[in-house]
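Source file: model-v7.tsv (TSV, C-alpha atoms)
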chain	number	residue	atom	x	y	z
A	1	MET	CA	-56.64	7.12	-9.17
A	2	ALA	CA	-58.82	8.71	-6.50
A	3	LEU	CA	-59.89	5.30	-5.26
A	4	ILE	CA	-56.32	4.16	-4.77
A	5	GLU	CA	-55.39	7.33	-2.90
A	6	GLU	CA	-58.43	7.04	-0.63
A	7	LEU	CA	-57.74	3.38	0.05
A	8	ASN	CA	-54.18	4.27	1.04
A	9	LYS	CA	-55.58	6.65	3.64
A	10	LEU	CA	-57.59	3.74	5.07
A	11	GLY	CA	-54.47	1.61	5.51
A	12	VAL	CA	-54.76	-0.44	2.32
A	13	ASN	CA	-51.37	-1.37	0.87
A	14	THR	CA	-52.16	-0.40	-2.71
A	15	ASN	CA	-48.49	-0.40	-3.73
A	16	GLU	CA	-48.29	-4.09	-2.87
A	17	ALA	CA	-51.60	-4.74	-4.63
A	18	LEU	CA	-50.52	-2.95	-7.78
A	19	GLN	CA	-47.34	-5.03	-7.87
A	20	ARG	CA	-49.50	-8.15	-7.63
A	21	PHE	CA	-51.62	-6.80	-10.51
A	22	SER	CA	-48.51	-5.97	-12.60
A	23	GLY	CA	-49.13	-2.25	-12.22
A	24	ASN	CA	-52.54	-2.48	-13.89
A	25	SER	CA	-54.56	-0.08	-11.74
A	26	ALA	CA	-57.68	-0.47	-13.92
A	27	LEU	CA	-57.68	-4.22	-13.30
A	28	TYR	CA	-57.07	-3.72	-9.57
A	29	GLU	CA	-59.93	-1.24	-9.33
A	30	ARG	CA	-62.21	-3.60	-11.23
A	31	MET	CA	-61.32	-6.49	-8.92
A	32	ILE	CA	-61.62	-4.43	-5.76
A	33	GLY	CA	-65.04	-3.30	-6.99
A	34	LYS	CA	-66.20	-6.89	-6.50
A	35	PHE	CA	-65.24	-6.93	-2.83
A	36	PRO	CA	-68.42	-5.35	-1.38
A	37	ALA	CA	-70.63	-8.10	-2.84
A	38	ALA	CA	-68.21	-10.79	-1.72
A	39	ALA	CA	-68.11	-9.43	1.81
A	40	GLN	CA	-71.89	-9.26	1.97
A	41	GLY	CA	-72.23	-12.83	0.75
A	42	LEU	CA	-69.69	-14.19	3.22
A	43	GLU	CA	-71.23	-13.27	6.53
A	44	VAL	CA	-69.25	-14.24	9.60
A	45	LEU	CA	-71.11	-12.52	12.44
A	46	LYS	CA	-74.41	-14.24	11.64
A	47	PHE	CA	-72.84	-17.68	11.90
A	48	LEU	CA	-70.91	-16.79	15.05
A	49	GLU	CA	-74.16	-15.67	16.67
A	50	GLU	CA	-75.93	-18.85	15.53
A	51	GLY	CA	-73.13	-21.03	16.89
A	52	ASP	CA	-72.23	-22.35	13.43
A	53	TYR	CA	-68.52	-21.95	13.97
A	54	ALA	CA	-67.53	-24.16	11.03
A	55	THR	CA	-69.30	-21.87	8.55
A	56	ALA	CA	-68.01	-18.78	10.35
A	57	LEU	CA	-64.47	-20.16	10.03
A	58	GLU	CA	-64.96	-21.06	6.38
A	59	ASN	CA	-66.29	-17.58	5.53
A	60	ALA	CA	-63.62	-15.80	7.58
A	61	HIS	CA	-60.94	-17.88	5.87
A	62	THR	CA	-62.30	-16.98	2.44
A	63	LEU	CA	-62.41	-13.29	3.38
A	64	LYS	CA	-58.86	-13.55	4.69
A	65	GLY	CA	-57.77	-14.81	1.27
A	66	VAL	CA	-59.72	-12.21	-0.69
A	67	THR	CA	-58.55	-9.32	1.47
A	68	GLY	CA	-54.98	-10.60	1.30
A	69	ASN	CA	-55.04	-10.81	-2.50
A	70	LEU	CA	-56.44	-7.28	-2.73
A	71	SER	CA	-54.00	-6.03	-0.05
A	72	LEU	CA	-56.86	-4.73	2.11
A	73	THR	CA	-54.35	-4.84	4.93
A	74	PRO	CA	-56.49	-3.88	7.95
A	75	LEU	CA	-59.15	-6.40	6.93
A	76	TYR	CA	-56.59	-9.08	6.13
A	77	LYS	CA	-55.01	-8.72	9.57
A	78	GLY	CA	-58.42	-8.81	11.25
A	79	TYR	CA	-59.65	-11.87	9.38
A	80	THR	CA	-56.33	-13.62	10.01
A	81	GLU	CA	-56.84	-13.08	13.74
A	82	ILE	CA	-60.47	-14.26	13.55
A	83	VAL	CA	-59.46	-17.42	11.70
A	84	ASN	CA	-56.77	-18.13	14.28
A	85	LEU	CA	-59.19	-17.57	17.16
A	86	LEU	CA	-61.81	-19.84	15.64
A	87	ARG	CA	-59.21	-22.54	15.05
A	88	ALA	CA	-58.18	-22.14	18.70
A	89	ASN	CA	-61.83	-22.68	19.70
A	90	ASP	CA	-62.32	-19.15	21.02
A	91	PRO	CA	-65.48	-17.97	19.25
A	92	GLU	CA	-66.22	-15.26	21.82
A	93	LYS	CA	-62.89	-13.53	21.25
A	94	ALA	CA	-63.36	-14.02	17.49
A	95	LYS	CA	-66.72	-12.26	17.74
A	96	GLU	CA	-65.17	-9.38	19.72
A	97	THR	CA	-62.48	-9.02	17.08
A	98	LEU	CA	-65.05	-9.11	14.30
A	99	LEU	CA	-67.16	-6.44	15.97
A	100	GLU	CA	-64.08	-4.20	16.07
A	101	LEU	CA	-63.32	-5.01	12.42
A	102	ILE	CA	-66.80	-4.35	11.01
A	103	PRO	CA	-66.57	-0.51	11.12
A	104	VAL	CA	-63.21	-0.68	9.33
A	105	GLN	CA	-64.74	-2.93	6.69
A	106	VAL	CA	-67.74	-0.61	6.31
A	107	ASN	CA	-65.39	2.36	5.73
A	108	ILE	CA	-63.44	0.47	3.07
A	109	ILE	CA	-66.61	-0.73	1.34
A	110	GLU	CA	-68.07	2.78	1.36
A	111	CYS	CA	-64.86	4.08	-0.18
A	112	ILE	CA	-64.99	1.44	-2.91
A	113	GLU	CA	-68.67	1.99	-3.65
A	114	LYS	CA	-68.42	5.77	-3.96
A	115	ASN	CA	-65.57	5.56	-6.46
Let's see the structure in the file written out as structure tokens.
Amino acid sequence: MALIEELNKLGVNTNEALQRFSGNSALYERMIGKFPAAAQGLEVLKFLEEGDYATALENAHTLKGVTGNLSLTPLYKGYTEIVNLLRANDPEKAKETLLELIPVQVNIIECIEKN
């Protein structure tokens, strides 16, 4: 339960997530434990910097879905904004938003990995 309490402090809506997982906190914790590897495999910044906006959009969209399903609320909101900016052809603003989001994501991943 420590993980869930710590995630709450980071703005994660664990109550919503637990409802989605039918109250099964063990299953939620197991699924959220997979997030760090998923986030690492779905780089967005690299592709933004390389000018590969299609891949950046695809990865950001996938992360939006994953973070939404896990109710990682701050990350979900950030990736939603990044997806919208990329769809609006504003990669510079998307990159700015991502650079602001990365420390939040690092904090959440560190929380997950230590529990």
Closest of A:Ala17, A:Ala37, A:Leu98, A:Ala26 to Glu110 in chain A - atom-to-atom distances counting all atoms listed in the file: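 Among the listed residues, A:Ala37 lies closest to Glu110 in chain A.
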Shell of 7 Å around Leu72 in chain A, all atoms listed in the file, local chain residues under 4 positions omitted, as a list in words: Val12, Asn13, Thr67, Gly68 and Tyr76 of chain A
Distance of CA of Gln19 in chain A from CA of Pro103 in chain A, expressed in Å to one decimal place: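 Distance between the two atoms: 27.4 Å.
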Which residue of A:Glu58, A:Glu5, A:Glu43, A:Glu81 approaches Glu100 in chain A most closely, using all atoms listed in the file: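 Of A:Glu58, A:Glu5, A:Glu43, A:Glu81, the one nearest Glu100 in chain A, counting all atoms listed in the file, is A:Glu81.
In this comparison, which uses only C-alpha atoms, the residue of A:Asn89, A:Gln105, A:Ser22, A:Asn115 approaching Tyr53 in chain A most closely is A:Asn89.
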Nearest to Ile4 in chain A, chosen from A:Leu75, A:Ile32, A:Leu63, A:Ala94, with all atoms listed in the file counted in the distances: A:Ile32
Show me, as an mmCIF file with C-alpha atoms, keeping the file's coordinate frame, the residues that have an atom within 9 Å of Val83 in chain A when counting only C-alpha atoms, minus same-chain residues fewer than 4 positions from it.
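Printed below is around.cif as written:
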data_model
loop_
_atom_site.group_PDB
_atom_site.id
_atom_site.type_symbol
_atom_site.label_atom_id
_atom_site.label_comp_id
_atom_site.auth_asym_id
_atom_site.auth_seq_id
_atom_site.Cartn_x
_atom_site.Cartn_y
_atom_site.Cartn_z
ATOM 1 C CA ALA A 56 -68.010 -18.780 10.350
ATOM 2 C CA LEU A 57 -64.470 -20.160 10.030
ATOM 3 C CA GLU A 58 -64.960 -21.060 6.380
ATOM 4 C CA ALA A 60 -63.620 -15.800 7.580
ATOM 5 C CA HIS A 61 -60.940 -17.880 5.870
ATOM 6 C CA LYS A 64 -58.860 -13.550 4.690
ATOM 7 C CA GLY A 78 -58.420 -8.810 11.250
ATOM 8 C CA TYR A 79 -59.650 -11.870 9.380
ATOM 9 C CA ARG A 87 -59.210 -22.540 15.050
ATOM 10 C CA ALA A 88 -58.180 -22.140 18.700
ATOM 11 C CA ALA A 94 -63.360 -14.020 17.490
#
Top pick for closest residue to Ser71 in chain A, considering A:Ala54, A:Leu86, A:Met31, A:Ile102 and counting all atoms listed in the file: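 Closest residue, counting all atoms listed in the file: A:Met31.
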Nearest residue to Gln40 in chain A from the set A:Leu99, A:Val106, A:Lys114, A:Asp52 (distances using only C-alpha atoms):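 Looking at the shortest contact to Gln40 in chain A, the residue is A:Val106.
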Selection: 8 Å around Leu3 in chain A, only C-alpha atoms, excl. self and same-chain fewer than 6 positions, as a list in words: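 Result of the neighbour search: Glu29, Cys111, Ile112 and Asn115 of chain A.
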Atomic separation - CA of Leu10 in chain A relative to CA of Asn69 in chain A, Å: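 So the two atoms, CA of Asn69 in chain A and CA of Leu10 in chain A, lie 16.6 Å apart.
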Interatomic distance, CA of Lys34 in chain A to CA of Glu113 in chain A (Å, one decimal): 9.6 Å
